[in-house]
file query.pdb (PDB, C-alpha atoms)
ATOM      1  CA  MET A 134     -71.115 -81.146 138.249
ATOM      2  CA  GLU A 135     -67.367 -81.111 137.745
ATOM      3  CA  TRP A 136     -64.333 -83.316 137.231
ATOM      4  CA  GLU A 137     -60.568 -82.994 136.783
ATOM      5  CA  ALA A 138     -58.510 -85.562 134.874
ATOM      6  CA  PRO A 139     -55.668 -86.078 132.387
ATOM      7  CA  ALA A 140     -57.051 -85.548 128.885
ATOM      8  CA  LEU A 141     -56.022 -85.542 125.248
ATOM      9  CA  VAL A 142     -57.173 -82.658 123.088
ATOM     10  CA  LEU A 143     -58.893 -84.127 120.025
ATOM     11  CA  SER A 144     -60.158 -80.971 118.329
ATOM     12  CA  ALA A 145     -60.827 -77.281 118.948
ATOM     13  CA  THR A 146     -63.041 -74.930 116.927
ATOM     14  CA  PRO A 147     -63.072 -71.133 117.359
ATOM     15  CA  TYR A 148     -66.265 -69.766 118.890
ATOM     16  CA  GLY A 149     -66.763 -66.043 119.011
ATOM     17  CA  GLU A 150     -63.752 -63.778 119.351
ATOM     18  CA  THR A 151     -61.813 -65.478 122.134
ATOM     19  CA  SER A 152     -63.419 -68.852 122.952
ATOM     20  CA  MET A 153     -63.058 -72.390 121.648
ATOM     21  CA  LEU A 154     -65.423 -75.356 121.444
ATOM     22  CA  VAL A 155     -63.098 -78.218 122.387
ATOM     23  CA  HIS A 156     -63.353 -82.007 122.420
ATOM     24  CA  VAL A 157     -61.143 -83.914 124.852
ATOM     25  CA  LEU A 158     -60.721 -87.599 125.652
ATOM     26  CA  THR A 159     -60.127 -88.906 129.168
ATOM     27  CA  GLY A 160     -59.663 -92.425 130.432
ATOM     28  CA  GLU A 161     -62.256 -92.161 133.186
ATOM     29  CA  HIS A 162     -64.945 -89.960 131.637
ATOM     30  CA  GLY A 163     -64.523 -90.677 127.926
ATOM     31  CA  LEU A 164     -65.104 -88.102 125.192
ATOM     32  CA  TYR A 165     -66.247 -84.718 126.511
ATOM     33  CA  HIS A 166     -67.122 -81.411 124.877
ATOM     34  CA  GLY A 167     -66.683 -78.037 126.549
ATOM     35  CA  MET A 168     -66.367 -74.315 126.065
ATOM     36  CA  ALA A 169     -62.840 -73.014 126.670
ATOM     37  CA  ARG A 170     -63.209 -69.316 127.368
ATOM     38  CA  GLY A 171     -60.097 -67.489 126.233
ATOM     39  CA  GLY A 172     -59.016 -70.568 124.287
ATOM     40  CA  ALA A 173     -58.518 -68.570 121.097
ATOM     41  CA  SER A 174     -56.268 -66.020 122.763
ATOM     42  CA  ARG A 175     -52.498 -65.942 122.296
ATOM     43  CA  GLN A 176     -52.041 -67.674 125.641
ATOM     44  CA  GLY A 177     -54.840 -70.204 125.105
ATOM     45  CA  ARG A 178     -54.218 -71.416 121.549
ATOM     46  CA  PRO A 179     -51.071 -73.478 122.296
ATOM     47  CA  ILE A 180     -52.976 -75.504 124.902
ATOM     48  CA  TRP A 181     -55.871 -76.506 122.640
ATOM     49  CA  GLN A 182     -53.874 -78.117 119.832
ATOM     50  CA  ALA A 183     -54.971 -81.622 118.811
ATOM     51  CA  GLY A 184     -52.766 -84.278 120.342
ATOM     52  CA  ASN A 185     -51.741 -82.295 123.420
ATOM     53  CA  LEU A 186     -51.928 -83.983 126.804
ATOM     54  CA  ILE A 187     -53.409 -81.636 129.392
ATOM     55  CA  THR A 188     -54.941 -81.615 132.824
ATOM     56  CA  ALA A 189     -58.565 -80.753 132.059
ATOM     57  CA  ARG A 190     -61.100 -79.290 134.458
ATOM     58  CA  TRP A 191     -64.741 -79.456 133.327
ATOM     59  CA  ASN A 192     -67.713 -78.012 135.169
ATOM     60  CA  ALA A 193     -71.388 -77.287 134.592
ATOM     61  CA  ARG A 194     -74.444 -76.636 136.716
ATOM     62  CA  LEU A 195     -76.268 -79.617 135.156
ATOM     63  CA  ALA A 196     -74.767 -82.885 133.912
ATOM     64  CA  ASP A 197     -76.278 -82.603 130.420
ATOM     65  CA  GLN A 198     -74.998 -79.071 129.756
ATOM     66  CA  LEU A 199     -72.078 -78.293 127.448
ATOM     67  CA  GLY A 200     -70.073 -76.994 130.395
ATOM     68  CA  GLY A 201     -66.924 -74.961 130.617
ATOM     69  CA  ILE A 202     -63.449 -76.445 130.394
ATOM     70  CA  ARG A 203     -60.000 -75.239 131.402
ATOM     71  CA  GLY A 204     -56.697 -76.868 130.558
ATOM     72  CA  GLU A 205     -53.169 -76.926 131.899
ATOM     73  CA  MET A 206     -50.444 -78.156 129.564
ATOM     74  CA  VAL A 207     -48.712 -81.425 130.425
ATOM     75  CA  HIS A 208     -47.133 -82.431 127.098
ATOM     76  CA  ALA A 209     -47.272 -80.494 123.812
ATOM     77  CA  SER A 210     -47.216 -83.274 121.210
ATOM     78  CA  ALA A 211     -48.247 -81.190 118.197
ATOM     79  CA  ALA A 212     -45.521 -78.547 118.558
ATOM     80  CA  ARG A 213     -42.816 -81.219 118.626
ATOM     81  CA  LEU A 214     -43.904 -82.707 115.293
ATOM     82  CA  LEU A 215     -44.140 -79.649 113.047
ATOM     83  CA  ASP A 216     -41.035 -80.714 111.105
ATOM     84  CA  PHE A 217     -42.106 -84.364 110.746
ATOM     85  CA  PRO A 218     -44.875 -84.709 108.129
ATOM     86  CA  LEU A 219     -45.607 -88.418 108.602
ATOM     87  CA  GLN A 220     -45.775 -88.272 112.389
ATOM     88  CA  LEU A 221     -47.910 -85.124 112.272
ATOM     89  CA  ALA A 222     -50.297 -86.883 109.865
ATOM     90  CA  MET A 223     -50.438 -89.847 112.249
ATOM     91  CA  LEU A 224     -51.331 -87.568 115.167
ATOM     92  CA  ALA A 225     -54.055 -85.806 113.189
ATOM     93  CA  SER A 226     -55.536 -89.085 111.960
ATOM     94  CA  MET A 227     -55.716 -90.752 115.367
ATOM     95  CA  CYS A 228     -57.269 -87.697 117.022
ATOM     96  CA  ALA A 229     -59.840 -87.341 114.235
ATOM     97  CA  LEU A 230     -60.790 -91.024 114.388
ATOM     98  CA  ALA A 231     -61.283 -90.949 118.154
ATOM     99  CA  ASP A 232     -63.202 -87.675 117.957
ATOM    100  CA  GLY A 233     -65.541 -88.876 115.210
ATOM    101  CA  SER A 234     -66.238 -92.447 116.317
ATOM    102  CA  LEU A 235     -66.316 -92.617 120.112
ATOM    103  CA  PRO A 236     -69.657 -92.027 121.845
ATOM    104  CA  GLU A 237     -69.710 -88.983 124.105
ATOM    105  CA  ARG A 238     -69.257 -89.488 127.873
ATOM    106  CA  GLU A 239     -68.579 -93.220 127.628
ATOM    107  CA  ALA A 240     -65.285 -94.419 129.092
ATOM    108  CA  HIS A 241     -62.894 -96.328 126.830
ATOM    109  CA  PRO A 242     -59.690 -96.498 128.913
ATOM    110  CA  ALA A 243     -57.862 -98.865 126.528
ATOM    111  CA  VAL A 244     -58.276 -96.426 123.618
ATOM    112  CA  PHE A 245     -57.186 -93.480 125.768
ATOM    113  CA  GLN A 246     -54.167 -95.209 127.288
ATOM    114  CA  GLU A 247     -52.799 -96.536 124.015
ATOM    115  CA  LEU A 248     -53.421 -93.243 122.195
ATOM    116  CA  THR A 249     -51.642 -91.347 124.967
ATOM    117  CA  ARG A 250     -48.694 -93.751 124.803
ATOM    118  CA  LEU A 251     -48.415 -93.493 121.019
ATOM    119  CA  LEU A 252     -48.593 -89.702 120.906
ATOM    120  CA  ALA A 253     -45.990 -89.358 123.649
ATOM    121  CA  TRP A 254     -43.721 -91.873 121.921
ATOM    122  CA  ILE A 255     -43.736 -90.311 118.456
ATOM    123  CA  SER A 256     -43.455 -86.753 119.774
ATOM    124  CA  LEU A 257     -40.588 -87.453 122.198
ATOM    125  CA  ASP A 258     -38.565 -89.505 119.706
ATOM    126  CA  PRO A 259     -39.814 -88.755 116.166
ATOM    127  CA  VAL A 260     -36.546 -89.588 114.376
ATOM    128  CA  GLY A 261     -36.231 -93.218 113.406
ATOM    129  CA  THR A 262     -39.518 -94.389 114.937
ATOM    130  CA  GLU A 263     -41.628 -94.303 111.764
ATOM    131  CA  GLN A 264     -41.745 -98.061 111.161
ATOM    132  CA  ALA A 265     -42.653 -99.171 114.673
ATOM    133  CA  ALA A 266     -45.025 -96.237 115.151
ATOM    134  CA  MET A 267     -46.948 -96.862 111.935
ATOM    135  CA  ALA A 268     -47.452-100.515 112.847
ATOM    136  CA  ALA A 269     -48.594 -99.445 116.316
ATOM    137  CA  LEU A 270     -51.049 -96.952 114.791
ATOM    138  CA  VAL A 271     -52.756 -99.686 112.756
ATOM    139  CA  ARG A 272     -52.922-101.897 115.851
ATOM    140  CA  TRP A 273     -54.528 -98.974 117.693
ATOM    141  CA  GLU A 274     -57.172 -98.743 114.964
ATOM    142  CA  VAL A 275     -57.896-102.454 115.489
ATOM    143  CA  CYS A 276     -58.250-101.693 119.219
ATOM    144  CA  LEU A 277     -60.614 -98.812 118.432
ATOM    145  CA  LEU A 278     -62.802-101.080 116.301
ATOM    146  CA  SER A 279     -62.928-103.631 119.101
ATOM    147  CA  GLU A 280     -63.889-100.996 121.687
ATOM    148  CA  LEU A 281     -66.699 -99.826 119.422
ATOM    149  CA  GLY A 282     -68.056-103.370 119.111
ATOM    150  CA  PHE A 283     -66.697-104.098 115.620
ATOM    151  CA  GLY A 284     -63.679-106.204 116.560
ATOM    152  CA  LEU A 285     -61.788-108.233 113.966
ATOM    153  CA  ASP A 286     -61.290-111.966 114.527
ATOM    154  CA  LEU A 287     -57.684-112.625 113.485
ATOM    155  CA  GLY A 288     -56.966-115.639 115.689
ATOM    156  CA  ALA A 289     -57.946-118.479 113.363
ATOM    157  CA  CYS A 290     -59.066-119.201 109.820
ATOM    158  CA  ALA A 291     -62.802-118.733 109.311
ATOM    159  CA  VAL A 292     -62.901-121.827 107.055
ATOM    160  CA  SER A 293     -60.613-124.352 108.759
ATOM    161  CA  GLY A 294     -60.368-123.005 112.300
ATOM    162  CA  GLN A 295     -56.570-123.340 112.144
ATOM    163  CA  SER A 296     -54.181-120.527 113.037
ATOM    164  CA  GLY A 297     -51.451-121.090 110.448
ATOM    165  CA  ASN A 298     -50.655-119.037 107.325
ATOM    166  CA  LEU A 299     -53.332-116.400 107.886
ATOM    167  CA  GLN A 300     -53.000-113.917 105.032
ATOM    168  CA  TRP A 301     -56.472-112.577 104.336
ATOM    169  CA  VAL A 302     -59.526-111.087 106.044
ATOM    170  CA  SER A 303     -63.145-111.350 104.941
ATOM    171  CA  PRO A 304     -64.515-107.849 104.218
ATOM    172  CA  ARG A 305     -67.953-109.017 105.349
ATOM    173  CA  SER A 306     -67.265-110.796 108.638
ATOM    174  CA  GLY A 307     -63.861-109.399 109.663
ATOM    175  CA  ARG A 308     -62.548-112.943 110.182
ATOM    176  CA  ALA A 309     -59.103-114.114 109.069
ATOM    177  CA  VAL A 310     -58.672-116.616 106.229
ATOM    178  CA  SER A 311     -55.621-118.753 105.542
ATOM    179  CA  ASP A 312     -53.980-118.604 102.125
ATOM    180  CA  GLU A 313     -54.835-122.250 101.460
ATOM    181  CA  HIS A 314     -58.545-121.633 101.954
ATOM    182  CA  ALA A 315     -58.831-118.291 100.140
ATOM    183  CA  GLY A 316     -59.754-120.128  96.936
ATOM    184  CA  GLN A 317     -61.928-118.362  94.385
ATOM    185  CA  TRP A 318     -62.665-115.541  96.838
ATOM    186  CA  ARG A 319     -59.023-114.427  97.012
ATOM    187  CA  ASP A 320     -59.588-111.318  94.875
ATOM    188  CA  ARG A 321     -62.423-110.195  97.167
ATOM    189  CA  LEU A 322     -60.516-110.600 100.424
ATOM    190  CA  LEU A 323     -58.463-107.937 102.213
ATOM    191  CA  PRO A 324     -54.728-108.614 102.735
ATOM    192  CA  LEU A 325     -53.748-109.246 106.360
ATOM    193  CA  PRO A 326     -50.313-107.673 107.059
ATOM    194  CA  PRO A 327     -47.969-109.825 109.195
ATOM    195  CA  PHE A 328     -47.401-107.130 111.834
ATOM    196  CA  LEU A 329     -51.012-107.476 113.011
ATOM    197  CA  LEU A 330     -50.245-111.058 114.009
ATOM    198  CA  ASP A 331     -46.693-110.542 115.274
ATOM    199  CA  PRO A 332     -46.152-107.652 117.733
ATOM    200  CA  SER A 333     -42.390-107.796 117.119
ATOM    201  CA  CYS A 334     -42.849-107.033 113.403
ATOM    202  CA  ASP A 335     -42.777-103.378 112.307
ATOM    203  CA  GLY A 336     -43.839-103.945 108.713
ATOM    204  CA  THR A 337     -43.055-102.089 105.487
ATOM    205  CA  PRO A 338     -44.821 -99.192 103.725
ATOM    206  CA  ALA A 339     -46.720-101.695 101.549
ATOM    207  CA  GLN A 340     -47.841-103.593 104.646
ATOM    208  CA  TRP A 341     -48.844-100.375 106.429
ATOM    209  CA  ARG A 342     -50.916 -99.495 103.362
ATOM    210  CA  ASP A 343     -52.608-102.905 103.508
ATOM    211  CA  GLY A 344     -53.194-102.490 107.231
ATOM    212  CA  LEU A 345     -54.750 -99.061 106.771
ATOM    213  CA  ARG A 346     -56.953-100.391 103.975
ATOM    214  CA  LEU A 347     -58.066-103.247 106.217
ATOM    215  CA  THR A 348     -58.981-101.129 109.221
ATOM    216  CA  GLY A 349     -60.246 -98.315 106.988
ATOM    217  CA  HIS A 350     -62.781-100.647 105.379
ATOM    218  CA  PHE A 351     -64.370-101.513 108.726
ATOM    219  CA  LEU A 352     -64.038 -98.004 110.141
ATOM    220  CA  ALA A 353     -65.791 -96.563 107.092
ATOM    221  CA  ARG A 354     -68.499 -99.243 106.983
ATOM    222  CA  ASP A 355     -69.202 -99.723 110.676
ATOM    223  CA  ALA A 356     -67.812 -97.005 112.940
ATOM    224  CA  PHE A 357     -68.542 -94.050 110.632
ATOM    225  CA  GLY A 358     -70.988 -95.555 108.147
ATOM    226  CA  GLN A 359     -73.565 -96.238 110.830
ATOM    227  CA  ARG A 360     -73.401 -92.552 111.737
ATOM    228  CA  HIS A 361     -73.713 -91.609 108.046
ATOM    229  CA  ARG A 362     -70.326 -89.923 108.116
ATOM    230  CA  PRO A 363     -67.284 -90.352 105.838
ATOM    231  CA  LEU A 364     -63.862 -91.222 107.186
ATOM    232  CA  PRO A 365     -62.159 -88.083 108.551
ATOM    233  CA  ALA A 366     -60.121 -86.133 106.021
ATOM    234  CA  ALA A 367     -57.031 -86.537 108.237
ATOM    235  CA  ARG A 368     -57.328 -90.330 107.979
ATOM    236  CA  VAL A 369     -57.669 -90.118 104.193
ATOM    237  CA  ARG A 370     -54.547 -87.922 103.988
ATOM    238  CA  LEU A 371     -52.543 -90.404 106.039
ATOM    239  CA  MET A 372     -53.672 -93.244 103.787
ATOM    240  CA  ASP A 373     -52.657 -91.286 100.690
ATOM    241  CA  MET A 374     -49.251 -90.505 102.199
ATOM    242  CA  VAL A 375     -48.552 -94.137 103.089
ATOM    243  CA  ALA A 376     -49.823 -95.386  99.707
ATOM    244  CA  LYS A 377     -47.395 -93.022  97.975
ATOM    245  CA  MET A 378     -44.560 -94.281 100.179
ATOM    246  CA  ALA A 379     -45.428 -97.873  99.234
ATOM    247  CA  GLU A 380     -45.577 -96.988  95.542
ATOM    248  CA  ASN A 381     -42.180 -95.253  95.640
ATOM    249  CA  GLY A 382     -40.564 -97.849  97.884
ATOM    250  CA  ASP A 383     -39.654 -95.199 100.469
ATOM    251  CA  PRO A 384     -38.763 -96.580 103.917
ATOM    252  CA  ALA A 385     -40.193 -93.440 105.547
ATOM    253  CA  VAL A 386     -40.850 -89.758 104.963
ATOM    254  CA  PRO A 387     -37.814 -87.750 106.124
ATOM    255  CA  SER A 388     -38.157 -84.636 108.227
ATOM    256  CA  LYS A 389     -37.543 -81.231 106.691
ATOM    257  CA  ASP A 390     -34.236 -81.013 108.527
ATOM    258  CA  VAL A 391     -32.825 -84.257 107.112
ATOM    259  CA  GLU A 392     -30.927 -83.972 103.851
TER     260      GLU A 392
END
call {"tool": "encode", "arguments": {"input": "query.pdb", "output": "structure tokens"}}
result
Amino acid sequence: MEWEAPALVLSATPYGETSMLVHVLTGEHGLYHGMARGGASRQGRPIWQAGNLITARWNARLADQLGGIRGEMVHASAARLLDFPLQLAMLASMCALADGSLPEREAHPAVFQELTRLLAWISLDPVGTEQAAMAALVRWEVCLLSELGFGLDLGACAVSGQSGNLQWVSPRSGRAVSDEHAGQWRDRLLPLPPFLLDPSCDGTPAQWRDGLRLTGHFLARDAFGQRHRPLPAARVRLMDMVAKMAENGDPAVPSKDVE
């Protein structure tokens, strides 16, 4: 059994002196695990960094074995973002969410394609892309929920069926609610940021925070809760970073090189 395909490195854990246990995501084959022999060496380590796009080659004698994996670098996303704390946190969060929530060996091409696009975008042009990229990240989390079978229904009000003035989401059903029909339940509902309804809107730090709280609620309850796992630490760190930005009114976190 073997395959070769473009893949995103989601995680890599040292195994023994020179090997790595790696998790990669492909569009055709889904999430795969493999043993990268020599992956912990000086030559191998740069390849197996989370967020990197590689050409992966996996093989095993039997389909249900762990298998061995080799990688050839295509695009080194992680190395390009070392001086950009927010973008690096975004990369780590998205990789950890995909790694922890997607079922192994089940294709989810929409998740792979959008994640590949986002990582390439923020790593090729990290300066000045924070606003659009953060909004896109939250939309990707909505896509991930949908692919996992926990999609949000943001097209119409759950009470009236109308599509106007949608500002809230039910934490139980994941359905949108208009401001007029929020009523006495308003304090129990989750804010719906405008950029999730308007693709041309990039949002603000406060709206990104609300978006991350919205998707985080359903990711924690459904995608990870059903597996009895907490949200990944990388996702929690990103939420804390964005919440601090919203509290301080910062438009974005500058890079270390920007004065």
call {"tool": "residues_around", "arguments": {"input": "query.pdb", "residues": "Leu224 of chain A", "least_positions_apart": "6", "cutoff": "12 Å", "atoms": "all atoms listed in the file", "output": "ChimeraX atom specification"}}
result
/A:141-144,182-185,209-215,217-218,230-231,248-256,259,266-267,270,367-368,370-371
call {"tool": "resolve_selection", "arguments": {"input": "query.pdb", "expression": "the PyMOL selection byres ((chain A and resi 146) around 12)", "output": "NGL selection string"}}
result
:A and (142-145 or 147-156 or 166-170 or 172-173 or 178 or 181-183)
call {"tool": "resolve_selection", "arguments": {"input": "query.pdb", "expression": "the PyMOL selection byres ((chain A and resi 338) around 10)", "output": "ChimeraX atom specification"}}
result
/A:263-264,267-268,335-337,339-344,374-385
call {"tool": "atom_distance", "arguments": {"input": "query.pdb", "atom1": "atom CA of Trp191 of chain A", "atom2": "atom CA of Gly233 of chain A"}}
result
20.4 Å
call {"tool": "closest_residue", "arguments": {"input": "query.pdb", "among": "A:Leu221, A:Ala356, A:Leu158, A:Cys228", "to": "Gly282 of chain A", "atoms": "only C-alpha atoms"}}
result
A:Ala356
call {"tool": "closest_residue", "arguments": {"input": "query.pdb", "among": "A:Pro242, A:Gly201, A:Gly284, A:Gly177", "to": "His162 of chain A", "atoms": "only C-alpha atoms"}}
result
A:Pro242
call {"tool": "residues_around", "arguments": {"input": "query.pdb", "residues": "segment 310-325 of chain A", "least_positions_apart": "4", "cutoff": "9 Å", "atoms": "all atoms listed in the file", "output": "compact mmCIF listing (two decimals) with C-alpha atoms, keeping the file's coordinate frame"}}
result
# COMPACT_ATOMS: atom_id res chain seq x y z
CA LEU A 287 -57.68 -112.62 113.48
CA ALA A 289 -57.95 -118.48 113.36
CA CYS A 290 -59.07 -119.20 109.82
CA ALA A 291 -62.80 -118.73 109.31
CA VAL A 292 -62.90 -121.83 107.06
CA SER A 293 -60.61 -124.35 108.76
CA GLY A 294 -60.37 -123.00 112.30
CA GLN A 295 -56.57 -123.34 112.14
CA SER A 296 -54.18 -120.53 113.04
CA GLY A 297 -51.45 -121.09 110.45
CA ASN A 298 -50.66 -119.04 107.32
CA LEU A 299 -53.33 -116.40 107.89
CA GLN A 300 -53.00 -113.92 105.03
CA TRP A 301 -56.47 -112.58 104.34
CA VAL A 302 -59.53 -111.09 106.04
CA SER A 303 -63.14 -111.35 104.94
CA PRO A 304 -64.52 -107.85 104.22
CA LEU A 329 -51.01 -107.48 113.01
CA LEU A 330 -50.24 -111.06 114.01
CA GLN A 340 -47.84 -103.59 104.65
CA ASP A 343 -52.61 -102.90 103.51
CA GLY A 344 -53.19 -102.49 107.23
CA ARG A 346 -56.95 -100.39 103.98
CA LEU A 347 -58.07 -103.25 106.22
call {"tool": "atom_distance", "arguments": {"input": "query.pdb", "atom1": "atom CA of Asp197 of chain A", "atom2": "atom CA of Ser226 of chain A"}}
result
28.5 Å
call {"tool": "build_atoms", "arguments": {"input": "query.pdb", "residues": "segment 339-355 of chain A", "atoms": "N, CA, C and O atoms", "output": "short mmCIF file (atom, residue, chain, number, x, y, z; two decimals), keeping the file's coordinate frame"}}
result
data_model
loop_
_atom_site.label_atom_id
_atom_site.label_comp_id
_atom_site.auth_asym_id
_atom_site.auth_seq_id
_atom_site.Cartn_x
_atom_site.Cartn_y
_atom_site.Cartn_z
N ALA A 339 -45.66 -100.95 102.23
CA ALA A 339 -46.72 -101.70 101.55
C ALA A 339 -47.63 -102.40 102.56
O ALA A 339 -48.85 -102.47 102.38
N GLN A 340 -47.04 -102.93 103.62
CA GLN A 340 -47.84 -103.59 104.65
C GLN A 340 -48.64 -102.59 105.47
O GLN A 340 -49.77 -102.88 105.87
N TRP A 341 -48.06 -101.41 105.73
CA TRP A 341 -48.84 -100.38 106.43
C TRP A 341 -50.04 -99.98 105.58
O TRP A 341 -51.14 -99.79 106.09
N ARG A 342 -49.81 -99.84 104.27
CA ARG A 342 -50.92 -99.50 103.36
C ARG A 342 -52.02 -100.55 103.44
O ARG A 342 -53.21 -100.22 103.55
N ASP A 343 -51.62 -101.83 103.41
CA ASP A 343 -52.61 -102.90 103.51
C ASP A 343 -53.33 -102.87 104.85
O ASP A 343 -54.54 -103.11 104.93
N GLY A 344 -52.58 -102.57 105.91
CA GLY A 344 -53.19 -102.49 107.23
C GLY A 344 -54.20 -101.35 107.32
O GLY A 344 -55.28 -101.51 107.89
N LEU A 345 -53.84 -100.20 106.76
CA LEU A 345 -54.75 -99.06 106.77
C LEU A 345 -55.97 -99.32 105.90
O LEU A 345 -57.08 -98.87 106.23
N ARG A 346 -55.80 -100.03 104.80
CA ARG A 346 -56.95 -100.39 103.98
C ARG A 346 -57.87 -101.35 104.73
O ARG A 346 -59.11 -101.23 104.65
N LEU A 347 -57.28 -102.28 105.45
CA LEU A 347 -58.07 -103.25 106.22
C LEU A 347 -58.90 -102.55 107.29
O LEU A 347 -60.12 -102.69 107.34
N THR A 348 -58.24 -101.80 108.16
CA THR A 348 -58.98 -101.13 109.22
C THR A 348 -59.88 -100.04 108.66
O THR A 348 -61.00 -99.82 109.16
N GLY A 349 -59.43 -99.37 107.60
CA GLY A 349 -60.25 -98.32 106.99
C GLY A 349 -61.56 -98.83 106.44
O GLY A 349 -62.59 -98.14 106.50
N HIS A 350 -61.54 -100.05 105.90
CA HIS A 350 -62.78 -100.65 105.38
C HIS A 350 -63.82 -100.77 106.48
O HIS A 350 -64.99 -100.38 106.30
N PHE A 351 -63.41 -101.29 107.64
CA PHE A 351 -64.37 -101.51 108.73
C PHE A 351 -64.70 -100.22 109.47
O PHE A 351 -65.83 -100.05 109.95
N LEU A 352 -63.73 -99.31 109.55
CA LEU A 352 -64.04 -98.00 110.14
C LEU A 352 -65.07 -97.27 109.29
O LEU A 352 -66.03 -96.69 109.82
N ALA A 353 -64.87 -97.27 107.98
CA ALA A 353 -65.79 -96.56 107.09
C ALA A 353 -67.16 -97.22 107.09
O ALA A 353 -68.19 -96.53 107.10
N ARG A 354 -67.21 -98.55 107.06
CA ARG A 354 -68.50 -99.24 106.98
C ARG A 354 -69.26 -99.24 108.30
O ARG A 354 -70.47 -99.01 108.34
N ASP A 355 -68.54 -99.50 109.39
CA ASP A 355 -69.20 -99.72 110.68
C ASP A 355 -69.15 -98.51 111.59
O ASP A 355 -70.19 -97.97 111.98
#
